[in-house]
file query_30.txt (compact mmCIF, C-alpha atoms and all ligand atoms)
# COMPACT_ATOMS: atom_id res chain seq x y z
CA MET M 1 4.60 34.61 18.27
CA ARG M 2 2.00 31.82 18.28
CA LYS M 3 1.43 30.11 21.61
CA SER M 4 1.45 26.33 22.01
CA ILE M 5 -1.72 24.77 23.35
CA ALA M 6 -2.09 22.41 26.30
CA GLY M 7 -4.83 19.77 26.47
CA PHE M 8 -5.87 20.16 22.82
CA SER M 9 -7.05 16.56 22.52
CA LYS M 10 -9.44 17.08 25.44
CA LEU M 11 -11.25 19.98 23.76
CA SER M 12 -14.57 19.35 22.01
CA LYS M 13 -14.48 19.11 18.22
CA SER M 14 -15.97 22.58 17.86
CA LYS M 15 -13.48 24.11 20.33
CA LYS M 16 -10.60 22.46 18.44
CA ILE M 17 -11.85 23.96 15.20
CA ASP M 18 -12.27 27.38 16.82
CA TRP M 19 -8.69 27.31 18.03
CA ILE M 20 -7.36 26.23 14.65
CA VAL M 21 -9.25 28.70 12.50
CA ASN M 22 -8.56 31.59 14.87
CA THR M 23 -4.86 30.75 15.16
CA TYR M 24 -3.94 30.00 11.56
CA PHE M 25 -6.53 31.46 9.18
CA SER M 26 -7.07 35.01 7.99
CA ASN M 27 -10.72 34.24 7.27
CA ALA M 28 -11.86 32.05 10.16
CA ASP M 29 -15.47 31.76 8.98
CA ASP M 30 -14.42 30.58 5.55
CA ALA M 31 -11.99 28.02 6.99
CA LYS M 32 -14.79 26.70 9.21
CA ARG M 33 -17.18 26.50 6.27
CA ILE M 34 -14.64 24.44 4.27
CA LEU M 35 -14.21 21.97 7.13
CA LYS M 36 -17.94 21.67 7.75
CA GLN M 37 -18.93 21.11 4.15
CA TYR M 38 -17.16 17.75 4.35
CA TRP M 39 -18.96 16.62 7.49
CA ASN M 40 -21.41 13.82 6.95
CA THR M 41 -25.06 14.74 7.46
CA ASP M 42 -25.60 11.38 9.14
CA ASP M 43 -24.35 12.06 12.68
CA LYS M 44 -23.69 8.40 13.42
CA LEU M 45 -21.57 7.99 10.31
CA GLN M 46 -19.70 11.17 11.16
CA GLN M 47 -19.06 9.91 14.68
CA LEU M 48 -17.67 6.67 13.25
CA HIS M 49 -15.16 8.65 11.19
CA ASP M 50 -14.38 11.00 14.07
CA GLU M 51 -13.40 8.03 16.18
CA PHE M 52 -11.00 6.41 13.69
CA ILE M 53 -8.30 8.83 14.85
CA GLU M 54 -7.71 11.54 17.43
CA ASN M 55 -8.41 15.25 16.87
CA THR M 56 -10.67 14.72 13.86
CA ILE M 57 -11.91 18.02 12.45
CA SER M 58 -13.37 16.91 9.11
CA ASN M 59 -13.25 14.16 6.49
CA TYR M 60 -10.69 14.05 3.70
CA TYR M 61 -12.29 12.80 0.49
CA LEU M 62 -10.57 10.84 -2.25
CA PRO M 63 -12.45 9.61 -5.31
CA LEU M 64 -13.43 5.93 -5.25
CA GLY M 65 -13.33 4.65 -8.82
CA VAL M 66 -13.74 1.19 -10.33
CA ALA M 67 -11.86 -0.61 -13.08
CA PRO M 68 -13.99 -3.38 -14.65
CA ASN M 69 -13.09 -6.34 -16.89
CA PHE M 70 -10.17 -7.75 -14.90
CA LEU M 71 -10.01 -11.43 -15.78
CA ILE M 72 -7.94 -13.12 -13.05
CA ASN M 73 -7.49 -16.89 -13.18
CA ASP M 74 -10.63 -17.07 -15.36
CA THR M 75 -12.83 -15.07 -12.96
CA LEU M 76 -13.99 -11.56 -13.85
CA HIS M 77 -13.49 -8.79 -11.30
CA THR M 78 -14.34 -5.12 -11.05
CA ILE M 79 -11.60 -3.57 -8.95
CA PRO M 80 -12.26 -0.65 -6.56
CA MET M 81 -9.58 2.05 -6.49
CA ALA M 82 -9.29 5.03 -4.14
CA ILE M 83 -6.86 7.51 -5.68
CA GLU M 84 -6.51 11.16 -6.61
CA GLU M 85 -4.18 10.78 -9.62
CA SER M 86 -6.30 11.43 -12.68
CA SER M 87 -5.02 8.84 -15.15
CA VAL M 88 -4.74 5.76 -12.91
CA VAL M 89 -8.24 4.27 -13.11
CA ALA M 90 -8.50 4.91 -16.85
CA ALA M 91 -5.12 3.19 -17.38
CA ALA M 92 -6.15 0.21 -15.23
CA SER M 93 -9.40 -0.20 -17.15
CA LYS M 94 -7.57 -0.04 -20.46
CA ALA M 95 -5.01 -2.64 -19.40
CA ALA M 96 -7.77 -4.89 -18.04
CA LYS M 97 -9.61 -4.76 -21.36
CA PHE M 98 -6.41 -5.39 -23.30
CA TRP M 99 -5.58 -8.54 -21.34
CA LEU M 100 -9.22 -9.70 -21.18
CA GLU M 101 -8.93 -10.27 -24.91
CA ARG M 102 -5.65 -12.19 -24.43
CA GLY M 103 -6.52 -14.70 -21.73
CA GLY M 104 -6.43 -12.45 -18.68
CA PHE M 105 -4.08 -12.42 -15.69
CA LYS M 106 -2.68 -15.52 -14.00
CA THR M 107 -1.79 -15.28 -10.32
CA LYS M 108 -0.47 -17.46 -7.54
CA VAL M 109 0.19 -16.91 -3.84
CA ILE M 110 3.71 -18.19 -3.19
CA SER M 111 3.85 -17.78 0.60
CA THR M 112 2.01 -16.06 3.46
CA THR M 113 4.48 -15.91 6.37
CA LYS M 114 4.85 -12.70 8.41
CA ILE M 115 7.64 -11.74 10.78
CA GLY M 116 7.90 -10.10 14.18
CA GLN M 117 10.90 -9.48 16.42
CA VAL M 118 11.74 -8.92 20.06
CA HIS M 119 14.93 -6.86 20.12
CA PHE M 120 16.94 -7.27 23.33
CA THR M 121 20.37 -6.91 24.85
CA TYR M 122 22.17 -9.53 26.93
CA LYS M 123 25.65 -9.12 28.37
CA GLY M 124 26.88 -12.64 28.86
CA ASP M 125 27.94 -15.97 27.49
CA PHE M 126 26.22 -16.79 24.17
CA ASP M 127 26.12 -20.57 24.75
CA LYS M 128 24.22 -20.02 27.99
CA LEU M 129 21.75 -17.79 26.14
CA VAL M 130 21.20 -20.55 23.56
CA THR M 131 20.59 -23.10 26.33
CA PHE M 132 18.17 -20.72 28.02
CA PHE M 133 16.32 -20.01 24.76
CA ASN M 134 15.95 -23.72 23.93
CA GLN M 135 14.61 -24.37 27.41
CA VAL M 136 12.17 -21.45 27.46
CA LYS M 137 10.95 -21.61 23.82
CA SER M 138 7.93 -23.85 24.46
CA LYS M 139 6.93 -21.68 27.43
CA LEU M 140 7.12 -18.58 25.24
CA ILE M 141 4.58 -20.17 22.93
CA LEU M 142 2.44 -21.61 25.74
CA GLU M 143 2.06 -18.28 27.48
CA THR M 144 0.54 -16.69 24.38
CA THR M 145 -2.32 -19.24 24.34
CA ALA M 146 -4.96 -16.64 25.25
CA ILE M 147 -3.89 -14.58 22.22
CA THR M 148 -3.35 -17.44 19.75
CA LYS M 149 -6.29 -19.73 20.64
CA ASN M 150 -8.74 -18.44 18.03
CA MET M 151 -6.14 -17.98 15.30
CA GLU M 152 -4.96 -21.57 15.87
CA LYS M 153 -8.52 -22.90 15.67
CA ARG M 154 -8.67 -21.44 12.16
CA GLY M 155 -5.30 -22.93 11.19
CA GLY M 156 -2.95 -20.01 11.83
CA GLY M 157 -0.73 -18.89 14.70
CA ILE M 158 2.94 -18.85 15.61
CA ILE M 159 5.06 -20.83 13.15
CA ASP M 160 8.42 -20.62 14.89
CA ILE M 161 10.69 -18.51 17.08
CA GLU M 162 14.44 -18.31 16.48
CA LEU M 163 17.16 -16.76 18.58
CA ARG M 164 19.34 -14.52 16.40
CA ASN M 165 22.76 -13.28 17.41
CA LYS M 166 23.24 -9.73 16.08
CA THR M 167 26.32 -8.86 18.12
CA ALA M 168 28.41 -8.53 14.95
CA ASP M 169 26.28 -5.44 14.19
CA ILE M 170 25.70 -3.99 17.67
CA ASP M 171 27.33 -5.04 20.94
CA ASN M 172 25.13 -7.31 23.10
CA TYR M 173 22.24 -7.17 20.61
CA TYR M 174 20.05 -10.26 20.03
CA GLN M 175 16.60 -10.97 18.64
CA LEU M 176 13.75 -13.35 19.09
CA HIS M 177 12.84 -13.60 15.41
CA ALA M 178 9.33 -15.07 15.13
CA SER M 179 7.28 -16.13 12.12
CA PHE M 180 3.48 -16.14 11.97
CA GLU M 181 0.56 -17.25 9.81
CA THR M 182 -2.28 -14.78 10.27
CA LEU M 183 -4.72 -16.12 7.63
CA ASP M 184 -7.27 -13.46 6.59
CA ALA M 185 -6.07 -10.88 9.11
CA MET M 186 -3.26 -8.46 8.31
CA GLY M 187 -2.21 -9.55 11.77
CA ALA M 188 -0.42 -6.49 13.17
CA ASN M 189 -2.27 -6.57 16.50
CA PHE M 190 -2.01 -10.34 16.76
CA ILE M 191 1.72 -10.36 16.07
CA ASN M 192 2.52 -7.40 18.34
CA SER M 193 0.51 -8.91 21.21
CA CYS M 194 2.35 -12.23 20.85
CA LEU M 195 5.71 -10.44 20.74
CA GLU M 196 5.02 -8.41 23.86
CA GLN M 197 4.04 -11.60 25.66
CA PHE M 198 7.24 -13.34 24.46
CA ALA M 199 9.26 -10.41 25.81
CA LYS M 200 7.55 -10.56 29.21
CA THR M 201 8.02 -14.31 29.59
CA PHE M 202 11.60 -14.21 28.30
CA LYS M 203 12.68 -11.48 30.70
CA LEU M 204 10.91 -13.05 33.67
CA GLU M 205 12.19 -16.59 33.08
CA ALA M 206 15.77 -15.31 32.74
CA LEU M 207 15.62 -14.13 36.36
CA SER M 208 15.34 -17.72 37.58
CA PHE M 209 17.59 -19.48 35.05
CA ASP M 210 20.23 -21.28 37.13
CA LEU M 211 23.08 -21.15 34.59
CA PHE M 212 22.95 -17.34 34.34
CA SER M 213 25.12 -15.23 36.63
CA ASP M 214 23.36 -12.30 38.32
CA ASP M 215 24.47 -9.95 35.50
CA GLU M 216 23.35 -12.36 32.80
CA LYS M 217 19.88 -12.55 34.33
CA GLU M 218 19.31 -8.88 33.43
CA ILE M 219 17.99 -9.25 29.89
CA ASP M 220 16.97 -5.83 28.63
CA ILE M 221 14.07 -5.68 26.18
CA VAL M 222 14.55 -2.83 23.70
CA MET M 223 11.29 -3.27 21.77
CA SER M 224 8.83 -5.79 20.39
CA ILE M 225 7.31 -5.13 16.98
CA LEU M 226 6.22 -6.81 13.76
CA SER M 227 8.28 -6.29 10.63
CA ASN M 228 6.72 -4.74 7.54
CA TYR M 229 9.40 -6.48 5.50
CA VAL M 230 7.51 -9.55 4.33
CA PRO M 231 9.59 -11.26 1.61
CA ASN M 232 7.87 -14.52 2.52
CA CYS M 233 4.36 -13.17 2.07
CA LEU M 234 4.64 -13.21 -1.67
CA VAL M 235 2.30 -13.24 -4.65
CA ARG M 236 2.99 -13.63 -8.36
CA ALA M 237 0.97 -12.04 -11.18
CA GLU M 238 1.58 -12.70 -14.85
CA VAL M 239 0.23 -12.06 -18.33
CA ASN M 240 1.30 -13.70 -21.54
CA CYS M 241 0.32 -13.91 -25.18
CA LYS M 242 1.76 -14.58 -28.62
CA VAL M 243 4.04 -11.74 -29.71
CA GLU M 244 1.89 -10.99 -32.76
CA ASP M 245 -1.21 -10.64 -30.56
CA LEU M 246 0.36 -7.76 -28.63
CA THR M 247 -0.46 -5.04 -31.13
CA GLU M 248 -3.41 -6.19 -33.24
CA GLY M 249 -4.31 -3.23 -35.47
CA ALA M 250 -2.00 -0.80 -33.68
CA GLY M 251 0.23 0.01 -36.64
CA ILE M 252 3.36 -1.34 -34.95
CA SER M 253 4.53 -4.94 -35.14
CA GLY M 254 4.16 -7.14 -32.08
CA GLU M 255 7.86 -7.88 -32.24
CA ALA M 256 8.87 -4.20 -32.28
CA PHE M 257 6.51 -3.47 -29.40
CA ALA M 258 7.76 -6.44 -27.34
CA ASN M 259 11.40 -5.43 -27.91
CA LYS M 260 10.82 -1.85 -26.82
CA PHE M 261 8.76 -2.94 -23.82
CA ILE M 262 11.41 -5.42 -22.68
CA GLN M 263 14.10 -2.76 -23.12
CA ALA M 264 12.11 -0.45 -20.86
CA VAL M 265 11.83 -3.17 -18.21
CA ASN M 266 15.54 -4.00 -18.53
CA ILE M 267 16.41 -0.36 -17.91
CA ALA M 268 14.34 -0.38 -14.71
CA GLU M 269 16.12 -3.59 -13.68
CA VAL M 270 19.57 -2.00 -13.81
CA GLU M 271 19.01 1.74 -13.28
CA PRO M 272 17.72 2.83 -9.85
CA TYR M 273 16.60 6.30 -11.03
CA ARG M 274 14.29 4.65 -13.51
CA ALA M 275 13.39 1.73 -11.19
CA VAL M 276 11.91 4.05 -8.58
CA THR M 277 9.57 5.68 -11.10
CA HIS M 278 8.78 2.33 -12.72
CA ASN M 279 7.84 0.89 -9.33
CA LYS M 280 5.95 4.07 -8.43
CA GLY M 281 3.72 3.30 -11.42
CA ILE M 282 3.13 -0.19 -10.01
CA MET M 283 2.26 1.33 -6.63
CA ASN M 284 -0.29 3.63 -8.33
CA GLY M 285 -2.38 0.52 -8.89
CA ILE M 286 -1.47 -1.27 -5.68
CA ASP M 287 -2.03 1.59 -3.23
CA ALA M 288 -5.37 2.48 -4.78
CA VAL M 289 -6.79 -1.00 -4.12
CA VAL M 290 -5.03 -1.31 -0.77
CA LEU M 291 -6.65 1.97 0.33
CA ALA M 292 -10.10 1.10 -1.06
CA THR M 293 -10.05 -2.19 0.83
CA GLY M 294 -9.05 -0.56 4.13
CA ASN M 295 -5.52 -1.92 4.25
CA ASP M 296 -2.36 -0.23 5.47
CA PHE M 297 -0.74 1.29 2.37
CA ARG M 298 2.26 2.59 4.33
CA ALA M 299 3.09 -0.95 5.44
CA VAL M 300 2.68 -2.22 1.89
CA GLU M 301 4.81 0.60 0.44
CA ALA M 302 7.62 0.05 2.97
CA GLY M 303 7.64 -3.71 2.40
CA VAL M 304 7.50 -3.49 -1.37
CA HIS M 305 10.36 -1.02 -1.71
CA ALA M 306 12.54 -3.00 0.70
CA TYR M 307 11.85 -6.05 -1.46
CA ALA M 308 12.84 -4.09 -4.56
CA SER M 309 16.29 -3.65 -2.96
CA LYS M 310 16.69 -7.21 -1.72
CA ASP M 311 19.62 -7.96 -4.04
CA GLY M 312 21.64 -4.97 -2.86
CA GLN M 313 20.48 -2.42 -5.44
CA TYR M 314 17.00 -0.94 -5.89
CA SER M 315 15.51 -2.58 -8.98
CA SER M 316 12.36 -3.19 -11.01
CA LEU M 317 9.66 -5.29 -9.37
CA SER M 318 8.40 -6.48 -12.75
CA HIS M 319 10.11 -8.46 -15.49
CA ALA M 320 9.43 -9.28 -19.14
CA LYS M 321 10.68 -11.72 -21.73
CA VAL M 322 9.92 -13.35 -25.07
CA GLU M 323 10.48 -17.08 -25.31
CA ASN M 324 9.26 -19.32 -28.13
CA ASN M 325 7.36 -16.35 -29.55
CA ILE M 326 5.44 -15.91 -26.27
CA PHE M 327 5.61 -12.51 -24.56
CA THR M 328 5.48 -12.84 -20.76
CA PHE M 329 5.27 -9.97 -18.29
CA TRP M 330 5.27 -10.77 -14.59
CA MET M 331 5.93 -9.60 -11.08
CA GLU M 332 6.47 -11.15 -7.65
CA ILE M 333 5.62 -8.82 -4.85
CA PRO M 334 5.27 -9.01 -1.05
CA LEU M 335 1.82 -7.99 0.20
CA ALA M 336 0.67 -8.30 3.82
CA LEU M 337 -3.07 -7.71 3.54
CA GLY M 338 -6.18 -8.45 5.56
CA THR M 339 -9.84 -8.91 4.73
CA VAL M 340 -10.99 -9.20 8.34
CA GLY M 341 -10.24 -6.95 11.30
CA GLY M 342 -9.04 -3.35 11.22
CA LEU M 343 -11.12 -1.05 9.04
CA THR M 344 -12.59 -3.93 7.02
CA GLY M 345 -15.65 -4.37 9.19
CA LEU M 346 -15.96 -0.73 10.15
CA HIS M 347 -15.71 1.65 7.21
CA PRO M 348 -18.86 1.43 5.07
CA LEU M 349 -16.97 2.05 1.82
CA VAL M 350 -14.37 -0.58 2.69
CA LYS M 351 -17.20 -3.05 3.28
CA PHE M 352 -18.62 -2.00 -0.09
CA ALA M 353 -15.24 -2.51 -1.80
CA LEU M 354 -14.82 -5.98 -0.28
CA GLU M 355 -18.33 -7.01 -1.30
CA LEU M 356 -17.65 -5.70 -4.82
CA LEU M 357 -14.66 -8.08 -4.83
CA GLN M 358 -16.98 -10.89 -3.66
CA LYS M 359 -15.61 -10.94 -0.10
CA PRO M 360 -12.12 -12.23 -0.91
CA SER M 361 -9.84 -14.07 1.47
CA ALA M 362 -6.54 -12.31 2.20
CA LYS M 363 -4.88 -14.63 -0.33
CA GLU M 364 -7.43 -13.71 -3.01
CA LEU M 365 -6.98 -10.02 -2.23
CA MET M 366 -3.19 -10.38 -2.55
CA GLN M 367 -3.74 -11.68 -6.09
CA ILE M 368 -6.19 -8.92 -7.05
CA VAL M 369 -3.90 -6.20 -5.69
CA ALA M 370 -0.85 -7.63 -7.48
CA VAL M 371 -2.82 -7.67 -10.73
CA ALA M 372 -3.79 -4.02 -10.26
CA GLY M 373 -0.06 -3.24 -9.91
CA LEU M 374 1.00 -5.25 -12.95
CA ALA M 375 -1.82 -3.79 -15.07
CA GLN M 376 -0.82 -0.28 -14.09
CA ASN M 377 2.82 -0.97 -14.95
CA PHE M 378 1.80 -2.45 -18.30
CA ALA M 379 -0.31 0.59 -19.14
CA ALA M 380 2.46 3.01 -18.16
CA LEU M 381 5.17 1.18 -20.14
CA ARG M 382 2.89 0.82 -23.14
CA SER M 383 2.29 4.58 -23.21
CA LEU M 384 5.89 5.47 -22.44
CA THR M 385 7.32 3.29 -25.20
CA THR M 386 4.73 4.27 -27.83
CA THR M 387 2.80 7.56 -27.63
CA GLY M 388 4.56 8.99 -24.56
CA ILE M 389 2.83 9.44 -21.23
CA GLN M 390 1.70 13.03 -21.58
CA GLN M 391 -1.00 12.41 -24.16
CA GLY M 392 -3.16 10.47 -21.70
CA HIS M 393 -2.08 12.44 -18.64
CA MET M 394 -2.83 15.83 -20.17
CA LYS M 395 -6.33 14.75 -21.19
CA MET M 396 -7.09 14.13 -17.52
CA HIS M 397 -5.09 17.16 -16.43
CA LEU M 398 -7.27 19.34 -18.66
CA MET M 399 -10.35 18.39 -16.67
CA ASN M 400 -8.60 19.23 -13.39
CA ILE M 401 -7.65 22.68 -14.67
CA LEU M 402 -11.18 23.27 -15.96
CA ASN M 403 -12.61 22.29 -12.58
CA GLN M 404 -10.15 24.56 -10.84
CA PHE M 405 -11.67 27.46 -12.83
CA GLU M 406 -15.20 26.16 -12.23
CA ALA M 407 -15.87 25.69 -15.93
CA ASN M 408 -19.49 24.87 -16.76
CA ASP M 409 -20.55 21.86 -18.87
CA LEU M 410 -20.61 23.79 -22.13
CA GLU M 411 -17.16 25.28 -21.53
CA LYS M 412 -15.79 21.83 -20.69
CA GLN M 413 -17.27 20.30 -23.84
CA THR M 414 -15.92 23.09 -26.05
CA LEU M 415 -12.42 22.99 -24.58
CA VAL M 416 -12.14 19.19 -24.56
CA GLU M 417 -12.89 19.38 -28.29
CA HIS M 418 -10.40 22.25 -28.76
CA PHE M 419 -7.58 20.44 -26.96
CA LYS M 420 -7.98 17.29 -29.04
CA ASN M 421 -5.77 19.12 -31.55
CA ASN M 422 -3.87 21.49 -29.25
CA THR M 423 -1.25 20.94 -26.58
CA VAL M 424 -2.57 21.10 -23.02
CA THR M 425 -0.61 23.38 -20.72
CA HIS M 426 -1.90 25.26 -17.71
CA SER M 427 -1.45 28.60 -19.46
CA ALA M 428 -2.98 27.39 -22.75
CA VAL M 429 -6.11 26.17 -20.91
CA THR M 430 -6.34 29.39 -18.88
CA GLU M 431 -6.05 31.44 -22.06
CA ALA M 432 -8.59 29.37 -23.99
CA LEU M 433 -11.07 29.60 -21.12
CA LYS M 434 -10.53 33.33 -20.85
CA ASN M 435 -11.20 33.74 -24.59
CA LEU M 436 -14.34 31.66 -24.29
CA ARG M 437 -15.56 33.81 -21.46
CA VAL M 438 -14.96 37.17 -23.16
CA PRO M 439 -18.43 38.64 -23.54
CA SER M 440 -19.30 38.93 -27.26
CA GLU M 441 -19.67 42.54 -28.40
C1 LIG U 501 3.04 8.35 -12.93
O1 LIG U 501 2.24 8.43 -11.78
C2 LIG U 501 3.59 6.95 -13.09
C3 LIG U 501 4.59 6.78 -14.23
O2 LIG U 501 5.64 7.73 -14.12
C4 LIG U 501 5.13 5.36 -14.10
C5 LIG U 501 6.29 5.05 -15.04
O3 LIG U 501 7.02 5.97 -15.42
O4 LIG U 501 6.45 3.86 -15.33
C6 LIG U 501 3.94 6.99 -15.56

call {"tool": "encode", "arguments": {"input": "query_30.txt", "output": "C-alpha cells", "more": "lines below"}}
Ligand code: MEV
result
Amino acid sequence: MRKSIAGFSKLSKSKKIDWIVNTYFSNADDAKRILKQYWNTDDKLQQLHDEFIENTISNYYLPLGVAPNFLINDTLHTIPMAIEESSVVAAASKAAKFWLERGGFKTKVISTTKIGQVHFTYKGDFDKLVTFFNQVKSKLILETTAITKNMEKRGGGIIDIELRNKTADIDNYYQLHASFETLDAMGANFINSCLEQFAKTFKLEALSFDLFSDDEKEIDIVMSILSNYVPNCLVRAEVNCKVEDLTEGAGISGEAFANKFIQAVNIAEVEPYRAVTHNKGIMNGIDAVVLATGNDFRAVEAGVHAYASKDGQYSSLSHAKVENNIFTFWMEIPLALGTVGGLTGLHPLVKFALELLQKPSAKELMQIVAVAGLAQNFAALRSLTTTGIQQGHMKMHLMNILNQFEANDLEKQTLVEHFKNNTVTHSAVTEALKNLRVPSE
C-alpha cells in the first residue's frame, strides 16, 4: 500500500519530484527526464511559472497558434489561440478569410455588468430585515471605499446592492445580490473583496440594530462570492451577406447551402444532444483565445453554458436566418474577461497575445473572443453540412499519428500525399508507415 505524505508543499521542488517519481513510476530516471525537458532554461522565467501555482514540477505546453485575416468592425486582427485540438486554428483561419471577402464580422457589446452575492441566513421578521437593509445599504458601500476608490476613479465600482428573499427555496435564506462594473479587469478579486466587506459590515451592524430582537441580531453569513453567471455581461457577433455570395464557385447554390446551414442551427436550437456539441464547437474558438489572453476559461465555460440554458432547456448559442435574400448568422454570448490584472501583466506569452491584439480593452476583447467563437461555429457547420467533418479532421489527425511514430520529413511528405486519396485511420497510417519502413531487399 502507498503511504500518504505529510508536508508535501513544504518540500523543495527537487524533493517533490523525487517523491513522485519514486512513488508512482517504474522508471524514475525517465520520468524525471520528461519533467525536466520542459523546464525553462531561463531560471527567472521558470521561477515565474513555478510561482503561479503550488507544487509546480514542470510546465505543461500547449501550442500557441494564430489565425489572421479577421475583419471585425472594419479593423483587421490576427487572433492568438492556445489549443491542442488539431483542426481549430485552421478552421478559424478559413472562416476569417471567407468572411473577409464578405464584409467581415460586426460586433457590439450589449452590457458589462457582473454579479456577486453574500449568502446569509436570518431567522426573523422579513419586514424588519428590509428596514435594516435600507438603513445599512449606504454604509455597506461606504465601508468598501478603500477597495473601490481606484475603480471608481476610472468610472467603475459597485452599481447596486439588493436584498433578495430566497426563503421559498431554503428556510431562512437571503442574499445581498450586488452588481458591479469592473471595466478592463475581470474583477474577481475586486468583487470578492467588496462582498467580504459587505458581509462584515452587515453582520456587525445587525448586532446594534434596535428593531431586531436578540435572536434576529444573529445574522449568519454562509459565504460571499462572485457569480460566474453573467447574463448581463453580453456581447453580440454577427456576419451577413447576400445568399448567392455564400457559395461562390463551390458547386452548390447559395440558397441550398443557406437552407442546410439554417436547418443545422435549428436542430441545435431544439435538440440538447446536438446543442451541446454545437456549442462545444463555439467554445473551441472561445477557449483558445481566452487561454491565450490569460483569462479564466473555466469561468467563461460555466457562464456560457448556464446562459445556453437560460430559457429552461439547453440550446444553441448561435442563430441563423435568411431575410430579404440576406443570410445572417449571429450569436449573443456572456463573456467576463479582463485585459488588466491577473495573468495579463505577468505571463510573457499573454503579454505577447495582448500586444498582438493591439492591447484591447476588456470590451474589445469580448468582441474578438465572440468572433472567434462564431467563426469556429461557422466553419464546423459548413463542413458538417457539406463535406462532413472528418475530411478536415483526419488531415490533421494524420500528422498527429505520424508524429506519434516519429516519422521523418520524407515519410511525412510521402504519406500526406498517399492519404490524399486514401481514408485516414490509425491502423491504415500505422500500416502505411510500416510498409514505407520495410528495408528494400
Ligand atoms: C469538434 O471539436 C467540434 C465539432 O463537433 C462542433 C460541431 O459539431 O458543431 C465539429

call {"tool": "residues_near_ligand", "arguments": {"input": "query_30.txt", "ligand": "ligand LIG 501 (chain U)", "cutoff": "7 Å", "atoms": "only C-alpha atoms and all ligand atoms", "output": "PyMOL selection string"}}
result
chain M and resi 277-281+284+377+380-381+389

call {"tool": "closest_residue", "arguments": {"input": "query_30.txt", "among": "M:Leu142, M:Leu62, M:Leu226, M:Ala185", "to": "M:Thr339", "atoms": "only C-alpha atoms"}}
result
M:Ala185

call {"tool": "residues_around", "arguments": {"input": "query_30.txt", "residues": "stretch 146-154 of chain M", "least_positions_apart": "5", "cutoff": "12 Å", "atoms": "all atoms listed in the file", "output": "ChimeraX atom specification"}}
result
/M:140-141,159,180-185,187,189-198

call {"tool": "residues_around", "arguments": {"input": "query_30.txt", "residues": "stretch 411-419 of chain M", "least_positions_apart": "2", "cutoff": "10 Å", "atoms": "all atoms listed in the file", "output": "list in words"}}
result
Met394, Lys395, Leu398, Met399, Leu402, Asn403, Glu406, Ala407, Asn408, Asp409, Asn421, Asn422, Thr423, Val424, Thr425, Ala428, Val429, Ala432, Leu433, Leu436 and Arg437 of chain M

call {"tool": "closest_residue", "arguments": {"input": "query_30.txt", "among": "M:Thr41, M:Lys15, M:Asp50, M:Gly65", "to": "M:Leu349", "atoms": "only C-alpha atoms"}}
result
M:Gly65

call {"tool": "closest_residue", "arguments": {"input": "query_30.txt", "among": "M:Trp99, M:Phe327, M:Phe25, M:Phe212", "to": "M:Val371", "atoms": "only C-alpha atoms"}}
result
M:Trp99

call {"tool": "closest_residue", "arguments": {"input": "query_30.txt", "among": "M:Ile79, M:Val270, M:Val304, M:Cys233", "to": "M:Ser111", "atoms": "only C-alpha atoms"}}
result
M:Cys233

call {"tool": "atom_distance", "arguments": {"input": "query_30.txt", "atom1": "atom CA of M:Gly303", "atom2": "atom CA of M:Asn69"}}
result
28.4 Å

call {"tool": "atom_distance", "arguments": {"input": "query_30.txt", "atom1": "atom CA of M:Ala288", "atom2": "atom CA of M:Pro80"}}
result
7.8 Å

call {"tool": "atom_distance", "arguments": {"input": "query_30.txt", "atom1": "atom CA of M:Asn134", "atom2": "atom CA of M:Met223"}}
result
21.1 Å

call {"tool": "closest_residue", "arguments": {"input": "query_30.txt", "among": "M:Ile110, M:Leu374, M:Ala299, M:Val243", "to": "M:Gly285", "atoms": "all atoms listed in the file"}}
result
M:Leu374

call {"tool": "residues_around", "arguments": {"input": "query_30.txt", "residues": "M:Leu346", "least_positions_apart": "3", "cutoff": "12 Å", "atoms": "all atoms listed in the file", "output": "number ranges by chain"}}
result
M: 45, 47-49, 51-52, 293-294, 339-343, 349-352, 354

call {"tool": "write_last_selection", "arguments": {"input": "query_30.txt", "atoms": "C-alpha atoms", "output": "PDB file, in the coordinates of the input"}}
result
ATOM      1  CA  LEU M  45     -21.570   7.990  10.310  1.00  0.00           C
ATOM      2  CA  GLN M  47     -19.060   9.910  14.680  1.00  0.00           C
ATOM      3  CA  LEU M  48     -17.670   6.670  13.250  1.00  0.00           C
ATOM      4  CA  HIS M  49     -15.160   8.650  11.190  1.00  0.00           C
ATOM      5  CA  GLU M  51     -13.400   8.030  16.180  1.00  0.00           C
ATOM      6  CA  PHE M  52     -11.000   6.410  13.690  1.00  0.00           C
ATOM      7  CA  THR M 293     -10.050  -2.190   0.830  1.00  0.00           C
ATOM      8  CA  GLY M 294      -9.050  -0.560   4.130  1.00  0.00           C
ATOM      9  CA  THR M 339      -9.840  -8.910   4.730  1.00  0.00           C
ATOM     10  CA  VAL M 340     -10.990  -9.200   8.340  1.00  0.00           C
ATOM     11  CA  GLY M 341     -10.240  -6.950  11.300  1.00  0.00           C
ATOM     12  CA  GLY M 342      -9.040  -3.350  11.220  1.00  0.00           C
ATOM     13  CA  LEU M 343     -11.120  -1.050   9.040  1.00  0.00           C
ATOM     14  CA  LEU M 349     -16.970   2.050   1.820  1.00  0.00           C
ATOM     15  CA  VAL M 350     -14.370  -0.580   2.690  1.00  0.00           C
ATOM     16  CA  LYS M 351     -17.200  -3.050   3.280  1.00  0.00           C
ATOM     17  CA  PHE M 352     -18.620  -2.000  -0.090  1.00  0.00           C
ATOM     18  CA  LEU M 354     -14.820  -5.980  -0.280  1.00  0.00           C
TER      19      LEU M 354
END

call {"tool": "closest_residue", "arguments": {"input": "query_30.txt", "among": "M:Val438, M:Ala92, M:Ala353, M:Ala199", "to": "M:Pro68", "atoms": "all atoms listed in the file"}}
result
M:Ala92

call {"tool": "residues_around", "arguments": {"input": "query_30.txt", "residues": "stretch 7-11 of chain M", "least_positions_apart": "6", "cutoff": "10 Å", "atoms": "only C-alpha atoms", "output": "JSON, numbers by chain"}}
result
{"M": [17, 19, 54, 55, 56]}

call {"tool": "axis_aligned_box", "arguments": {"input": "query_30.txt", "around": "stretch 74-93 of chain M", "padding_each_side": "8 Å", "output": "lines of an AutoDock Vina configuration file"}}
result
center_x = -9.3
center_y = -2.8
center_z = -10.8
size_x = 26.2
size_y = 44.5
size_z = 29.2

call {"tool": "residues_around", "arguments": {"input": "query_30.txt", "residues": "stretch 124-132 of chain M", "least_positions_apart": "4", "cutoff": "9 Å", "atoms": "only C-alpha atoms", "output": "number ranges by chain"}}
result
M: 136-137, 163, 165, 172, 205-206, 209, 211-213, 215-217
